[in-house]
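Here's coords.cif, which has mmCIF, C-alpha atoms and all ligand atoms; chains and numbers go by the auth columns:
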data_model
#
loop_
_atom_site.group_PDB
_atom_site.id
_atom_site.type_symbol
_atom_site.label_atom_id
_atom_site.label_comp_id
_atom_site.label_asym_id
_atom_site.label_seq_id
_atom_site.Cartn_x
_atom_site.Cartn_y
_atom_site.Cartn_z
_atom_site.B_iso_or_equiv
_atom_site.auth_seq_id
_atom_site.auth_asym_id
ATOM 1 C CA MET A 1 9.244 20.693 -6.301 0.00 19 A
ATOM 2 C CA ASN A 2 5.870 20.527 -4.626 0.00 20 A
ATOM 3 C CA THR A 3 5.039 18.717 -1.389 0.00 21 A
ATOM 4 C CA THR A 4 3.785 15.559 -3.108 0.00 22 A
ATOM 5 C CA GLU A 5 6.914 15.272 -5.258 0.00 23 A
ATOM 6 C CA LEU A 6 9.091 15.731 -2.199 0.00 24 A
ATOM 7 C CA LYS A 7 7.283 12.994 -0.281 0.00 25 A
ATOM 8 C CA LEU A 8 7.370 10.570 -3.216 0.00 26 A
ATOM 9 C CA SER A 9 11.066 11.126 -3.793 0.00 27 A
ATOM 10 C CA ALA A 10 11.657 9.973 -0.248 0.00 28 A
ATOM 11 C CA PHE A 11 10.743 6.440 -1.296 0.00 29 A
ATOM 12 C CA ALA A 12 12.912 6.188 -4.384 0.00 30 A
ATOM 13 C CA ASP A 13 15.384 4.068 -2.448 0.00 31 A
ATOM 14 C CA GLY A 14 12.644 1.949 -0.986 0.00 32 A
ATOM 15 C CA GLN A 15 13.235 2.218 2.708 0.00 33 A
ATOM 16 C CA GLU A 16 13.395 5.567 4.403 0.00 34 A
ATOM 17 C CA PRO A 17 10.408 7.812 5.209 0.00 35 A
ATOM 18 C CA THR A 18 12.525 10.943 4.863 0.00 36 A
ATOM 19 C CA PRO A 19 14.936 11.994 2.068 0.00 37 A
ATOM 20 C CA ARG A 20 18.583 11.181 2.625 0.00 38 A
ATOM 21 C CA PRO A 21 21.466 12.991 0.955 0.00 39 A
ATOM 22 C CA ARG A 22 23.388 10.754 -1.434 0.00 40 A
ATOM 23 C CA GLU A 23 26.764 11.589 -2.881 0.00 41 A
ATOM 24 C CA ASN A 24 27.650 10.823 -6.510 0.00 42 A
ATOM 25 C CA ALA A 25 24.324 9.086 -6.986 0.00 43 A
ATOM 26 C CA VAL A 26 22.139 9.543 -10.041 0.00 44 A
ATOM 27 C CA PRO A 27 18.602 9.091 -8.724 0.00 45 A
ATOM 28 C CA VAL A 28 16.568 6.648 -10.774 0.00 46 A
ATOM 29 C CA ASP A 29 12.994 6.048 -9.746 0.00 47 A
ATOM 30 C CA PRO A 30 11.885 2.437 -9.458 0.00 48 A
ATOM 31 C CA PRO A 31 8.899 1.838 -11.775 0.00 49 A
ATOM 32 C CA VAL A 32 6.368 1.983 -8.935 0.00 50 A
ATOM 33 C CA VAL A 33 7.587 5.403 -7.820 0.00 51 A
ATOM 34 C CA ALA A 34 7.626 6.749 -11.386 0.00 52 A
ATOM 35 C CA PHE A 35 4.062 5.542 -11.892 0.00 53 A
ATOM 36 C CA ALA A 36 2.939 7.027 -8.564 0.00 54 A
ATOM 37 C CA LYS A 37 4.331 10.423 -9.607 0.00 55 A
ATOM 38 C CA LEU A 38 2.511 10.197 -12.932 0.00 56 A
ATOM 39 C CA TYR A 39 -0.739 9.127 -11.286 0.00 57 A
ATOM 40 C CA ILE A 40 -0.756 11.847 -8.665 0.00 58 A
ATOM 41 C CA SER A 41 0.395 14.562 -11.093 0.00 59 A
ATOM 42 C CA ASN A 42 -2.688 13.900 -13.246 0.00 60 A
ATOM 43 C CA GLY A 43 -4.523 16.187 -10.867 0.00 61 A
ATOM 44 C CA SER A 44 -6.771 13.721 -9.082 0.00 62 A
ATOM 45 C CA VAL A 45 -6.013 11.132 -6.436 0.00 63 A
ATOM 46 C CA ILE A 46 -9.068 9.131 -7.484 0.00 64 A
ATOM 47 C CA PRO A 47 -9.741 9.377 -11.249 0.00 65 A
ATOM 48 C CA PRO A 48 -12.675 7.650 -12.943 0.00 66 A
ATOM 49 C CA SER A 49 -12.429 3.907 -12.645 0.00 67 A
ATOM 50 C CA VAL A 50 -11.280 1.956 -15.687 0.00 68 A
ATOM 51 C CA MET A 51 -12.279 -1.331 -14.118 0.00 69 A
ATOM 52 C CA ALA A 52 -15.136 -2.156 -11.746 0.00 70 A
ATOM 53 C CA GLY A 53 -13.046 -4.338 -9.486 0.00 71 A
ATOM 54 C CA VAL A 54 -14.264 -4.929 -5.945 0.00 72 A
ATOM 55 C CA SER A 55 -12.920 -7.656 -3.687 0.00 73 A
ATOM 56 C CA TRP A 56 -13.264 -8.574 -0.050 0.00 74 A
ATOM 57 C CA VAL A 57 -10.873 -10.344 2.247 0.00 75 A
ATOM 58 C CA GLY A 58 -11.748 -10.722 5.927 0.00 76 A
ATOM 59 C CA ASP A 59 -12.427 -7.277 7.385 0.00 77 A
ATOM 60 C CA PHE A 60 -11.122 -5.470 4.319 0.00 78 A
ATOM 61 C CA ALA A 61 -12.791 -4.190 1.140 0.00 79 A
ATOM 62 C CA GLN A 62 -10.710 -3.311 -1.904 0.00 80 A
ATOM 63 C CA VAL A 63 -11.735 -1.273 -4.942 0.00 81 A
ATOM 64 C CA VAL A 64 -9.622 -1.047 -8.073 0.00 82 A
ATOM 65 C CA LEU A 65 -9.618 2.632 -9.019 0.00 83 A
ATOM 66 C CA HIS A 66 -7.174 2.464 -11.884 0.00 84 A
ATOM 67 C CA ARG A 67 -5.422 -0.281 -13.827 0.00 85 A
ATOM 68 C CA GLU A 68 -2.874 0.345 -16.541 0.00 86 A
ATOM 69 C CA GLY A 69 -0.467 -2.329 -17.797 0.00 87 A
ATOM 70 C CA PRO A 70 1.400 -3.765 -14.789 0.00 88 A
ATOM 71 C CA PHE A 71 0.257 -0.914 -12.510 0.00 89 A
ATOM 72 C CA GLN A 72 -2.872 -0.384 -10.513 0.00 90 A
ATOM 73 C CA VAL A 73 -4.275 1.810 -7.759 0.00 91 A
ATOM 74 C CA VAL A 74 -6.500 0.208 -5.120 0.00 92 A
ATOM 75 C CA LEU A 75 -8.539 1.795 -2.333 0.00 93 A
ATOM 76 C CA CYS A 76 -8.596 -0.372 0.803 0.00 94 A
ATOM 77 C CA LEU A 77 -11.234 0.153 3.508 0.00 95 A
ATOM 78 C CA CYS A 78 -10.618 -1.418 6.923 0.00 96 A
ATOM 79 C CA ARG A 79 -13.177 -2.299 9.556 0.00 97 A
ATOM 80 C CA PRO A 80 -12.687 -0.822 13.056 0.00 98 A
ATOM 81 C CA ASN A 81 -10.310 -2.796 15.271 0.00 99 A
ATOM 82 C CA SER A 82 -9.221 -5.072 12.418 0.00 100 A
ATOM 83 C CA ASN A 83 -5.763 -6.502 12.033 0.00 101 A
ATOM 84 C CA ILE A 84 -3.668 -7.231 8.932 0.00 102 A
ATOM 85 C CA THR A 85 -1.241 -9.879 10.109 0.00 103 A
ATOM 86 C CA PRO A 86 2.396 -9.890 8.857 0.00 104 A
ATOM 87 C CA HIS A 87 2.731 -10.952 5.229 0.00 105 A
ATOM 88 C CA GLY A 88 4.559 -10.161 2.015 0.00 106 A
ATOM 89 C CA HIS A 89 3.594 -9.946 -1.669 0.00 107 A
ATOM 90 C CA PRO A 90 6.332 -11.728 -3.646 0.00 108 A
ATOM 91 C CA THR A 91 5.243 -10.291 -7.009 0.00 109 A
ATOM 92 C CA VAL A 92 4.170 -6.771 -6.051 0.00 110 A
ATOM 93 C CA ASP A 93 6.145 -3.585 -5.406 0.00 111 A
ATOM 94 C CA SER A 94 3.794 -1.105 -3.755 0.00 112 A
ATOM 95 C CA LEU A 95 3.307 2.182 -1.994 0.00 113 A
ATOM 96 C CA ALA A 96 0.712 2.439 0.790 0.00 114 A
ATOM 97 C CA PHE A 97 -0.746 5.939 0.891 0.00 115 A
ATOM 98 C CA TYR A 98 -2.609 6.987 4.046 0.00 116 A
ATOM 99 C CA ILE A 99 -6.070 8.487 3.489 0.00 117 A
ATOM 100 C CA SER A 100 -8.010 8.467 6.745 0.00 118 A
ATOM 101 C CA GLY A 101 -8.702 6.773 10.061 0.00 119 A
ATOM 102 C CA GLN A 102 -6.519 4.985 12.563 0.00 120 A
ATOM 103 C CA LEU A 103 -3.897 2.955 10.733 0.00 121 A
ATOM 104 C CA ASP A 104 -0.774 1.702 12.386 0.00 122 A
ATOM 105 C CA PHE A 105 1.438 0.226 9.643 0.00 123 A
ATOM 106 C CA GLN A 106 4.419 -1.939 10.457 0.00 124 A
ATOM 107 C CA ILE A 107 7.208 -3.070 8.164 0.00 125 A
ATOM 108 C CA GLU A 108 10.007 -5.584 8.552 0.00 126 A
ATOM 109 C CA ARG A 109 13.449 -4.063 8.731 0.00 127 A
ATOM 110 C CA ASP A 110 16.567 -5.950 9.800 0.00 128 A
ATOM 111 C CA GLY A 111 14.461 -8.948 10.786 0.00 129 A
ATOM 112 C CA ARG A 112 11.958 -7.208 13.032 0.00 130 A
ATOM 113 C CA MET A 113 8.669 -5.405 12.582 0.00 131 A
ATOM 114 C CA VAL A 114 8.844 -1.660 13.209 0.00 132 A
ATOM 115 C CA ASN A 115 6.225 1.081 13.160 0.00 133 A
ATOM 116 C CA VAL A 116 6.041 3.153 9.989 0.00 134 A
ATOM 117 C CA PHE A 117 4.185 6.239 11.147 0.00 135 A
ATOM 118 C CA ASP A 118 4.416 8.148 14.378 0.00 136 A
ATOM 119 C CA PRO A 119 1.174 7.263 16.243 0.00 137 A
ATOM 120 C CA GLY A 120 1.188 10.828 17.561 0.00 138 A
ATOM 121 C CA GLY A 121 0.782 12.054 13.985 0.00 139 A
ATOM 122 C CA MET A 122 -2.763 10.707 13.730 0.00 140 A
ATOM 123 C CA ILE A 123 -4.317 13.982 14.861 0.00 141 A
ATOM 124 C CA GLU A 124 -6.597 16.545 13.294 0.00 142 A
ATOM 125 C CA LEU A 125 -4.971 19.786 12.194 0.00 143 A
ATOM 126 C CA PRO A 126 -6.625 23.186 12.675 0.00 144 A
ATOM 127 C CA ASP A 127 -7.702 23.147 9.000 0.00 145 A
ATOM 128 C CA GLY A 128 -9.493 19.813 9.452 0.00 146 A
ATOM 129 C CA ARG A 129 -6.964 17.566 7.711 0.00 147 A
ATOM 130 C CA CYS A 130 -5.175 14.729 9.440 0.00 148 A
ATOM 131 C CA ALA A 131 -1.496 15.372 10.078 0.00 149 A
ATOM 132 C CA LEU A 132 -0.734 12.091 8.267 0.00 150 A
ATOM 133 C CA ASN A 133 -2.438 13.110 4.990 0.00 151 A
ATOM 134 C CA GLN A 134 -0.185 12.051 2.079 0.00 152 A
ATOM 135 C CA ALA A 135 2.055 9.991 4.346 0.00 153 A
ATOM 136 C CA MET A 136 3.163 6.836 2.572 0.00 154 A
ATOM 137 C CA VAL A 137 5.450 3.859 2.793 0.00 155 A
ATOM 138 C CA ARG A 138 6.900 1.491 0.192 0.00 156 A
ATOM 139 C CA PHE A 139 6.562 -2.268 0.582 0.00 157 A
ATOM 140 C CA MET A 140 9.129 -3.864 -1.685 0.00 158 A
ATOM 141 C CA PRO A 141 8.382 -7.281 -3.259 0.00 159 A
ATOM 142 C CA GLY A 142 8.317 -9.881 -0.493 0.00 160 A
ATOM 143 C CA GLN A 143 8.959 -7.340 2.260 0.00 161 A
ATOM 144 C CA ARG A 144 6.785 -8.239 5.222 0.00 162 A
ATOM 145 C CA HIS A 145 4.352 -5.676 6.529 0.00 163 A
ATOM 146 C CA ALA A 146 1.269 -5.510 8.742 0.00 164 A
ATOM 147 C CA ALA A 147 -1.300 -3.059 10.056 0.00 165 A
ATOM 148 C CA LYS A 148 -3.446 -2.567 13.111 0.00 166 A
ATOM 149 C CA VAL A 149 -6.636 -0.558 12.701 0.00 167 A
ATOM 150 C CA GLY A 150 -8.119 1.492 15.524 0.00 168 A
ATOM 151 C CA PRO A 151 -11.748 1.940 16.624 0.00 169 A
ATOM 152 C CA LEU A 152 -12.422 4.514 13.872 0.00 170 A
ATOM 153 C CA GLY A 153 -11.484 2.125 11.068 0.00 171 A
ATOM 154 C CA GLY A 154 -9.163 3.259 8.298 0.00 172 A
ATOM 155 C CA ALA A 155 -8.636 3.788 4.595 0.00 173 A
ATOM 156 C CA PHE A 156 -5.557 3.776 2.416 0.00 174 A
ATOM 157 C CA LEU A 157 -4.549 3.593 -1.218 0.00 175 A
ATOM 158 C CA THR A 158 -2.043 1.117 -2.510 0.00 176 A
ATOM 159 C CA ILE A 159 -0.247 2.027 -5.711 0.00 177 A
ATOM 160 C CA GLN A 160 1.058 -1.241 -7.099 0.00 178 A
ATOM 161 C CA HIS A 161 3.533 -2.507 -9.687 0.00 179 A
ATOM 162 C CA TRP A 162 2.911 -6.186 -10.518 0.00 180 A
ATOM 163 C CA LEU A 163 6.231 -7.662 -11.596 0.00 181 A
ATOM 164 C CA ASP A 164 4.501 -10.400 -13.623 0.00 182 A
ATOM 165 C CA GLY A 165 2.608 -7.723 -15.558 0.00 183 A
ATOM 166 C CA LYS A 166 -0.771 -9.133 -14.513 0.00 184 A
ATOM 167 C CA PRO A 167 -2.423 -7.143 -11.716 0.00 185 A
ATOM 168 C CA THR A 168 -5.110 -8.958 -9.743 0.00 186 A
ATOM 169 C CA SER A 169 -5.619 -8.485 -6.007 0.00 187 A
ATOM 170 C CA VAL A 170 -2.834 -8.579 -3.426 0.00 188 A
ATOM 171 C CA GLU A 171 -4.547 -11.164 -1.230 0.00 189 A
ATOM 172 C CA ARG A 172 -3.847 -13.620 -4.066 0.00 190 A
ATOM 173 C CA ASP A 173 -0.136 -12.829 -4.040 0.00 191 A
ATOM 174 C CA TRP A 174 0.257 -13.520 -0.350 0.00 192 A
ATOM 175 C CA ASP A 175 3.043 -14.983 1.734 0.00 193 A
ATOM 176 C CA GLY A 176 1.671 -15.168 5.263 0.00 194 A
ATOM 177 C CA ALA A 177 -1.224 -16.423 7.362 0.00 195 A
ATOM 178 C CA PRO A 178 -4.644 -16.027 5.673 0.00 196 A
ATOM 179 C CA LEU A 179 -6.948 -13.265 6.913 0.00 197 A
ATOM 180 C CA SER A 180 -10.159 -15.319 6.852 0.00 198 A
ATOM 181 C CA PRO A 181 -11.447 -18.815 6.028 0.00 199 A
ATOM 182 C CA ASP A 182 -12.384 -17.590 2.527 0.00 200 A
ATOM 183 C CA HIS A 183 -8.887 -16.224 2.074 0.00 201 A
ATOM 184 C CA ALA A 184 -7.422 -19.554 3.176 0.00 202 A
ATOM 185 C CA ALA A 185 -9.560 -21.292 0.555 0.00 203 A
ATOM 186 C CA VAL A 186 -8.329 -18.915 -2.182 0.00 204 A
ATOM 187 C CA LEU A 187 -4.696 -19.492 -1.218 0.00 205 A
ATOM 188 C CA LYS A 188 -5.197 -23.261 -1.084 0.00 206 A
ATOM 189 C CA ALA A 189 -6.831 -23.269 -4.512 0.00 207 A
ATOM 190 C CA ARG A 190 -3.966 -21.290 -6.004 0.00 208 A
ATOM 191 C CA GLU A 191 -1.486 -23.650 -4.350 0.00 209 A
ATOM 192 C CA ASP A 192 -3.360 -26.522 -5.988 0.00 210 A
ATOM 193 C CA GLY A 193 -3.253 -24.764 -9.354 0.00 211 A
ATOM 194 C CA VAL A 194 -6.990 -24.099 -9.445 0.00 212 A
ATOM 195 C CA THR A 195 -8.124 -20.826 -11.040 0.00 213 A
ATOM 196 C CA VAL A 196 -10.448 -18.885 -8.700 0.00 214 A
HETATM 197 FE FE FE B . 0.028 -6.239 1.993 0.00 301 B
#
Please go through the file and, once you have read it, give me the structure as structure tokens.
Amino acid sequence: MNTTELKLSAFADGQEPTPRPRENAVPVDPPVVAFAKLYISNGSVIPPSVMAGVSWVGDFAQVVLHREGPFQVVLCLCRPNSNITPHGHPTVDSLAFYISGQLDFQIERDGRMVNVFDPGGMIELPDGRCALNQAMVRFMPGQRHAAKVGPLGGAFLTIQHWLDGKPTSVERDWDGAPLSPDHAAVLKAREDGVTV
């Protein structure tokens, strides 16, 4: 088992950032984890795009890198000192995959928001990589999460499984306060049944 497989297997149960021993359990990957393994094992984190999808919400730019059936991979770029307020995606099971910058993810567990990564891990290693390279967290459907972005900005991938089989953009499947006036307008239109 290589390093990537080991890290992905840690999220098969959806919650813990490190593998836990389980007795008498037959591990079955949820679809989003199985797809993430397939995607990463293809040899490239960012393969040629199959759809030119770019969207913006507030301080965040999103690029669809890959879309296949109910799955997609999206690169998210965050402006320095931006803030993703707590929200959930009722129809999306996803993995957030750290790429670069200062990203402080939080996730709701037992009714309170907790930090995902050790802030002390956001350091440069002697070989030039960030100690958090390949770190990831799973956001289960509806599970609230948030992020604070530091002065350097940040970038992450989200590997998504859309339970309705129709991937669009996560800001449209949003349970939480809007991130910008434009975002509020999109959410209001969807609430009113208007296609935008
Ligand atoms: Fe989200």
| query | Neighbours of ligand FE 301 (chain B) within 8 Å, counting all atoms listed in the file, as a list in words? | reply |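 Using all atoms listed in the file, I find these residues within 8 Å of ligand FE 301 (chain B): Ile102, His105, Gly106, His107, Phe157, Arg162, His163, Ala164, Val188, Glu189 and Trp192 of chain A.
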Determine, counting only C-alpha atoms, which protein, DNA and RNA residues have an atom within 9 Å of an atom of stretch 120-137 of chain A; residues of the same chain fewer than 3 positions away are not included. Present the result as a PDB file with C-alpha atoms, keeping the file's coordinate frame.
ATOM      1  CA  GLN A  33      13.235   2.218   2.708  1.00  0.00           C
ATOM      2  CA  PRO A  35      10.408   7.812   5.209  1.00  0.00           C
ATOM      3  CA  CYS A  96     -10.618  -1.418   6.923  1.00  0.00           C
ATOM      4  CA  PRO A  98     -12.687  -0.822  13.056  1.00  0.00           C
ATOM      5  CA  PRO A 104       2.396  -9.890   8.857  1.00  0.00           C
ATOM      6  CA  TYR A 116      -2.609   6.987   4.046  1.00  0.00           C
ATOM      7  CA  MET A 140      -2.763  10.707  13.730  1.00  0.00           C
ATOM      8  CA  ILE A 141      -4.317  13.982  14.861  1.00  0.00           C
ATOM      9  CA  LEU A 150      -0.734  12.091   8.267  1.00  0.00           C
ATOM     10  CA  ALA A 153       2.055   9.991   4.346  1.00  0.00           C
ATOM     11  CA  MET A 154       3.163   6.836   2.572  1.00  0.00           C
ATOM     12  CA  VAL A 155       5.450   3.859   2.793  1.00  0.00           C
ATOM     13  CA  PHE A 157       6.562  -2.268   0.582  1.00  0.00           C
ATOM     14  CA  GLN A 161       8.959  -7.340   2.260  1.00  0.00           C
ATOM     15  CA  ARG A 162       6.785  -8.239   5.222  1.00  0.00           C
ATOM     16  CA  HIS A 163       4.352  -5.676   6.529  1.00  0.00           C
ATOM     17  CA  ALA A 164       1.269  -5.510   8.742  1.00  0.00           C
ATOM     18  CA  ALA A 165      -1.300  -3.059  10.056  1.00  0.00           C
ATOM     19  CA  LYS A 166      -3.446  -2.567  13.111  1.00  0.00           C
ATOM     20  CA  VAL A 167      -6.636  -0.558  12.701  1.00  0.00           C
ATOM     21  CA  GLY A 168      -8.119   1.492  15.524  1.00  0.00           C
ATOM     22  CA  PRO A 169     -11.748   1.940  16.624  1.00  0.00           C
ATOM     23  CA  LEU A 170     -12.422   4.514  13.872  1.00  0.00           C
ATOM     24  CA  GLY A 171     -11.484   2.125  11.068  1.00  0.00           C
ATOM     25  CA  GLY A 172      -9.163   3.259   8.298  1.00  0.00           C
ATOM     26  CA  ALA A 173      -8.636   3.788   4.595  1.00  0.00           C
ATOM     27  CA  PHE A 174      -5.557   3.776   2.416  1.00  0.00           C
TER      28      PHE A 174
END
| said: Just checking: using only C-alpha atoms, which residue out of A:Val51, A:Leu205, A:Leu113, A:Leu56 ends up closest to A:Leu175? | reply: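 When distances to A:Leu175 are compared using only C-alpha atoms, the smallest one comes from A:Leu113.
Nearest to A:Leu93 of all the residues A:Val46, A:Ser187, A:Ala149, A:Asp182 is A:Ser187, counting all atoms listed in the file.
Nearest residue to A:Gln178, choosing from A:Arg156, A:Arg147, A:His201, A:Arg190 and counting all atoms listed in the file: A:Arg156.
Using all atoms listed in the file, the contacts of stretch 76-89 of chain A at a cut-off of 6 Å, with sequence neighbours closer than 6 positions omitted, comprise Ser67, Val68, Leu95, Cys96, Arg97, Gln178, His179, Trp180, Gly183, Lys184, Pro185, Leu197 and Ser198 of chain A.
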| said: Between A:Gly139, A:Pro159, A:Gly119, A:Gly211, which residue has the minimum interatomic distance to A:Cys94, considering only C-alpha atoms? | reply: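 Distance minimum relative to A:Cys94 lands on A:Gly119.
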| query | atom CA of A:Met158 and atom CA of A:Ala54 are how many Å apart? | reply |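 Computing the Euclidean distance for atom CA of A:Met158 and atom CA of A:Ala54 yields 14.3 Å.
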